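Let me begin by presenting the structure, written as structure tokens, before commenting on it.
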Amino acid sequence: MPAFFVTGTDTGVGKTRVSCAFIHALRQAGHARVVGMKPVAAGCDWVETGGEGGGAAGGHWLNEDVAALRTASSLRVPPVFDNPYALPDPLSPHLAAQRVGESIDLSHIEASFHALRQHADAVVVEGAGGFIVPLSMSPEWATSADLAQRLALPIVLVVGIRLGCLNHALLTQEAILSRRLRFAGWVANHVDPDMAAQDDNVATLRARLQAPLLGRLAWSPQADSAELARDLVLPTLRA
Ligand SMILES: Nc1ncnc2c1ncn2[C@@H]1O[C@H](COP(=O)(O)OP(=O)(O)O)[C@@H](O)[C@H]1O
Ligand SMILES: [Mg+2]
């Protein structure tokens with residue numbers, strides 16, 4: 001079953017946009033039940049539910065990445081499967097968890113992922129922040145990279161093409177390869193319309209990254225995931 005982990009050179013580089021486009025690419029490739037997963041989301045809004053017609057009032061925390069992934073997905077699952085940690089504050093995950101007296105447990109995420117896999121034909125997992133963002137400091141030090149390793153998923157790297165991206169992309173590649181994870185591909189996302197020498201930056205990355213370029217997404221304030229999917233090639237995943 002196709003499943004991969006989307007990481008980025010930083011936060012705000014287009015992981016969600018690219019993950020949604022990959023979900024559509026998988027759907028267009030004929031996979032019926034395609035679902036996005038955001039294991040840890042930090043920064044949520046409180047959404048009121050119920051309370052009408054005499055029902056019990058309640059609500060839940062909803063993160064905008066999670067909402068976008070759900071919109072792109074063709075399978076709806078219980079929130080515990082596609083977003084086991086919805087943390088209110090927009091902080092590094094380990095700090096956002098601390099604020100609500102929680103600690104992020106990779107085993108819990110792993111259990112959710114395996115449950116999700118039972119229901120889906122393909123899963124796209126969006127990491128939080130950059131590749132080595134801390135998820136927990138105690139009882140154990142764990143990062144997003146540890147999570148990818150625990151889930152044994154190939155990595156797709158979104159490079160936000162802006163000044164500094166060569167350093168960030170090359171550092172991330174070192175982190176992926178040093179963990180012996182499969183580097184399945186990367187996407188050049190043109191997030192800065194004013195950046196100089198964009199093509200030369202992409203050419204430099206093509207020469208130095210040891211994974212195929214899966215697509216280049218142009219700068220555009222609006223995004224239609226189904227359309228963007230046509231600009232992406234799906235990564236080749238080992239069985
Ligand atoms: N190619 C692009 N052109 C213009 N804006 C973009 C592009 N890709 C992403 N963005 C915008 O940048 C912001 C961050 O993108 P997002 O996908 O949420 O990044 P991440 O998931 O890495 O934090 C969003 O407002 C998004 O609409
Ligand atoms: Mg995101």
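Please note that chains go A, B, ... in the order of the structure tokens, that every chain numbers its residues from 1, and that ligands are numbered from 1 in the order shown.
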Around ligand 1, out to 8 Å and counting only C-alpha atoms and all ligand atoms, which residues are there? I want them as an MDAnalysis selection string.
chainID A and resid 7:8 10:19 65 126 128:129 158 160 189:193 217:223
Could you name the residues that touch Pro2 of chain A at 7 Å or less, counting only C-alpha atoms, but leaving out those on the same chain fewer than 3 positions away, as a list in words?
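The filter keeps Ala122, Val123 and Leu237 of chain A.
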Using DSSP on the backbone coordinates, identify all residues within chain A classified as strand (DSSP E or B); present the result as a count of residues only.
56
I want to know what sits within 12 Å of segment 85-87 of chain A, based on only C-alpha atoms, with residues of the same chain fewer than 3 positions away left out; could you give that as an MDAnalysis selection string?
chainID A and resid 37:46 60:67 79:82 90:106 108:109 112 128 135
Could you go through segment 5-141 of chain A and tell me which residues DSSP, when run on the backbone, assigns to alpha helix (DSSP H), listing them as a tab-separated table (two decimals) with N, CA and C atoms, in the first residue's frame?
```tsv
chain	number	residue	atom	x	y	z
A	15	LYS	N	4.42	22.08	2.81
A	15	LYS	CA	4.16	20.65	3.06
A	15	LYS	C	2.68	20.32	2.90
A	16	THR	N	1.82	21.16	3.45
A	16	THR	CA	0.38	20.87	3.38
A	16	THR	C	-0.11	20.96	1.94
A	17	ARG	N	0.34	22.02	1.23
A	17	ARG	CA	-0.08	22.18	-0.16
A	17	ARG	C	0.35	20.95	-0.98
A	18	VAL	N	1.59	20.54	-0.79
A	18	VAL	CA	2.12	19.40	-1.55
A	18	VAL	C	1.45	18.09	-1.12
A	19	SER	N	1.22	17.92	0.16
A	19	SER	CA	0.57	16.69	0.65
A	19	SER	C	-0.83	16.56	0.05
A	20	CYS	N	-1.57	17.67	0.02
A	20	CYS	CA	-2.92	17.64	-0.57
A	20	CYS	C	-2.84	17.30	-2.06
A	21	ALA	N	-1.83	17.85	-2.74
A	21	ALA	CA	-1.67	17.55	-4.17
A	21	ALA	C	-1.33	16.07	-4.37
A	22	PHE	N	-0.49	15.51	-3.50
A	22	PHE	CA	-0.16	14.08	-3.61
A	22	PHE	C	-1.38	13.19	-3.34
A	23	ILE	N	-2.22	13.63	-2.41
A	23	ILE	CA	-3.45	12.86	-2.14
A	23	ILE	C	-4.28	12.79	-3.42
A	24	HIS	N	-4.40	13.93	-4.11
A	24	HIS	CA	-5.14	13.93	-5.39
A	24	HIS	C	-4.43	13.13	-6.46
A	25	ALA	N	-3.10	13.19	-6.48
A	25	ALA	CA	-2.34	12.41	-7.48
A	25	ALA	C	-2.59	10.91	-7.26
A	26	LEU	N	-2.64	10.50	-6.02
A	26	LEU	CA	-2.91	9.08	-5.72
A	26	LEU	C	-4.33	8.71	-6.14
A	27	ARG	N	-5.27	9.62	-5.91
A	27	ARG	CA	-6.66	9.38	-6.33
A	27	ARG	C	-6.73	9.29	-7.86
A	28	GLN	N	-6.04	10.21	-8.52
A	28	GLN	CA	-6.05	10.21	-10.00
A	28	GLN	C	-5.37	8.96	-10.56
A	64	GLU	N	-5.74	23.76	10.87
A	64	GLU	CA	-6.10	24.03	9.46
A	64	GLU	C	-5.43	23.06	8.48
A	65	ASP	N	-4.25	22.54	8.82
A	65	ASP	CA	-3.62	21.53	7.95
A	65	ASP	C	-4.47	20.27	7.93
A	66	VAL	N	-4.95	19.90	9.10
A	66	VAL	CA	-5.78	18.69	9.22
A	66	VAL	C	-7.06	18.88	8.39
A	67	ALA	N	-7.65	20.07	8.49
A	67	ALA	CA	-8.87	20.34	7.71
A	67	ALA	C	-8.58	20.26	6.22
A	68	ALA	N	-7.43	20.79	5.78
A	68	ALA	CA	-7.07	20.76	4.34
A	68	ALA	C	-6.83	19.32	3.88
A	69	LEU	N	-6.15	18.54	4.69
A	69	LEU	CA	-5.89	17.14	4.32
A	69	LEU	C	-7.20	16.35	4.23
A	70	ARG	N	-8.13	16.65	5.16
A	70	ARG	CA	-9.43	15.95	5.13
A	70	ARG	C	-10.21	16.31	3.87
A	71	THR	N	-10.13	17.59	3.48
A	71	THR	CA	-10.84	18.02	2.27
A	71	THR	C	-10.29	17.29	1.04
A	72	ALA	N	-8.97	17.10	1.01
A	72	ALA	CA	-8.34	16.44	-0.15
A	72	ALA	C	-8.59	14.92	-0.15
A	79	PRO	N	-10.99	11.10	14.07
A	79	PRO	CA	-9.84	12.01	14.28
A	79	PRO	C	-8.63	11.34	14.96
A	80	VAL	N	-8.88	10.36	15.79
A	80	VAL	CA	-7.76	9.72	16.49
A	80	VAL	C	-6.84	8.99	15.50
A	81	PHE	N	-7.37	8.66	14.35
A	81	PHE	CA	-6.53	7.98	13.34
A	81	PHE	C	-5.74	8.98	12.49
A	82	ASP	N	-6.42	10.05	12.02
A	82	ASP	CA	-5.68	10.94	11.10
A	82	ASP	C	-5.01	12.12	11.80
A	93	PRO	N	5.97	21.23	18.70
A	93	PRO	CA	5.07	20.22	19.26
A	93	PRO	C	5.36	19.84	20.72
A	94	HIS	N	6.64	19.70	21.08
A	94	HIS	CA	6.91	19.27	22.46
A	94	HIS	C	6.47	20.31	23.47
A	95	LEU	N	6.58	21.59	23.09
A	95	LEU	CA	6.15	22.66	23.99
A	95	LEU	C	4.63	22.80	24.00
A	96	ALA	N	4.02	22.64	22.81
A	96	ALA	CA	2.55	22.71	22.73
A	96	ALA	C	1.92	21.59	23.56
A	97	ALA	N	2.57	20.43	23.55
A	97	ALA	CA	2.06	19.29	24.33
A	97	ALA	C	2.21	19.56	25.83
A	98	GLN	N	3.39	20.09	26.19
A	98	GLN	CA	3.65	20.43	27.59
A	98	GLN	C	2.59	21.37	28.15
A	99	ARG	N	2.19	22.36	27.34
A	99	ARG	CA	1.21	23.36	27.77
A	99	ARG	C	-0.12	22.75	28.20
A	106	LEU	N	5.26	8.23	20.59
A	106	LEU	CA	5.37	7.69	19.23
A	106	LEU	C	4.60	6.38	19.07
A	107	SER	N	4.50	5.61	20.14
A	107	SER	CA	3.77	4.33	20.05
A	107	SER	C	2.28	4.57	19.78
A	108	HIS	N	1.75	5.63	20.38
A	108	HIS	CA	0.34	5.98	20.15
A	108	HIS	C	0.14	6.35	18.68
A	109	ILE	N	1.07	7.14	18.13
A	109	ILE	CA	0.96	7.55	16.72
A	109	ILE	C	1.09	6.33	15.82
A	110	GLU	N	2.01	5.45	16.18
A	110	GLU	CA	2.23	4.24	15.38
A	110	GLU	C	0.95	3.39	15.34
A	111	ALA	N	0.29	3.29	16.48
A	111	ALA	CA	-0.95	2.51	16.54
A	111	ALA	C	-2.02	3.15	15.66
A	112	SER	N	-2.10	4.49	15.70
A	112	SER	CA	-3.08	5.19	14.85
A	112	SER	C	-2.78	4.96	13.38
A	113	PHE	N	-1.50	5.03	13.03
A	113	PHE	CA	-1.10	4.86	11.63
A	113	PHE	C	-1.46	3.45	11.15
A	114	HIS	N	-1.19	2.45	11.98
A	114	HIS	CA	-1.50	1.08	11.55
A	114	HIS	C	-3.01	0.84	11.44
A	115	ALA	N	-3.77	1.50	12.30
A	115	ALA	CA	-5.23	1.41	12.20
A	115	ALA	C	-5.69	2.06	10.90
A	116	LEU	N	-5.11	3.21	10.60
A	116	LEU	CA	-5.44	3.94	9.37
A	116	LEU	C	-5.15	3.09	8.14
A	117	ARG	N	-4.01	2.45	8.17
A	117	ARG	CA	-3.59	1.59	7.05
A	117	ARG	C	-4.59	0.48	6.75
A	118	GLN	N	-5.26	0.01	7.81
A	118	GLN	CA	-6.24	-1.07	7.63
A	118	GLN	C	-7.41	-0.59	6.75
A	119	HIS	N	-7.71	0.71	6.86
A	119	HIS	CA	-8.89	1.25	6.19
A	119	HIS	C	-8.59	1.85	4.83
```
Atom-to-atom span, atom CA of Ala148 of chain A and atom CA of Pro235 of chain A, Å:
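Computed distance, atom CA of Ala148 of chain A to atom CA of Pro235 of chain A, equals 16.2 Å.
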Identify which of the residues A:Gln173, A:Ser74, A:Ser178, A:Ser136 lies closest to Ile155 of chain A, counting only C-alpha atoms when measuring atom-to-atom distances.
A:Gln173
Let me make sure I understand: among A:Ala120, A:Val233, A:Ala57, A:Ala145, which one has the smallest atom-to-atom distance to Val6 of chain A if we use only C-alpha atoms?
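The shortest atom-to-atom distance to Val6 of chain A comes from A:Ala145.
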Out of A:Asp89, A:Ala229, A:Gly127, A:Pro78, which residue has the shortest atom-to-atom distance to ligand 2 when counting only C-alpha atoms and all ligand atoms?
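For ligand 2, the nearest of the candidates is A:Gly127.
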Got a sec: who's within 12 Å of Leu170 of chain A, counting only C-alpha atoms, leaving out chain neighbours fewer than 3 positions off, as JSON, numbers by chain?
{"A": [8, 9, 131, 157, 159, 164, 165, 166, 167, 173, 174, 175, 176, 177, 186, 204, 205, 206, 207, 208, 209, 210, 211]}
Just how far from atom CA of Gly185 of chain A is atom CA of Met137 of chain A, in Å to one decimal?
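Between atom CA of Met137 of chain A and atom CA of Gly185 of chain A the gap works out to 29.6 Å.
Closest approach to ligand 2 among A:Val35, A:Leu147, A:Val125, A:Leu234 is made by A:Val125 (distances from only C-alpha atoms and all ligand atoms).
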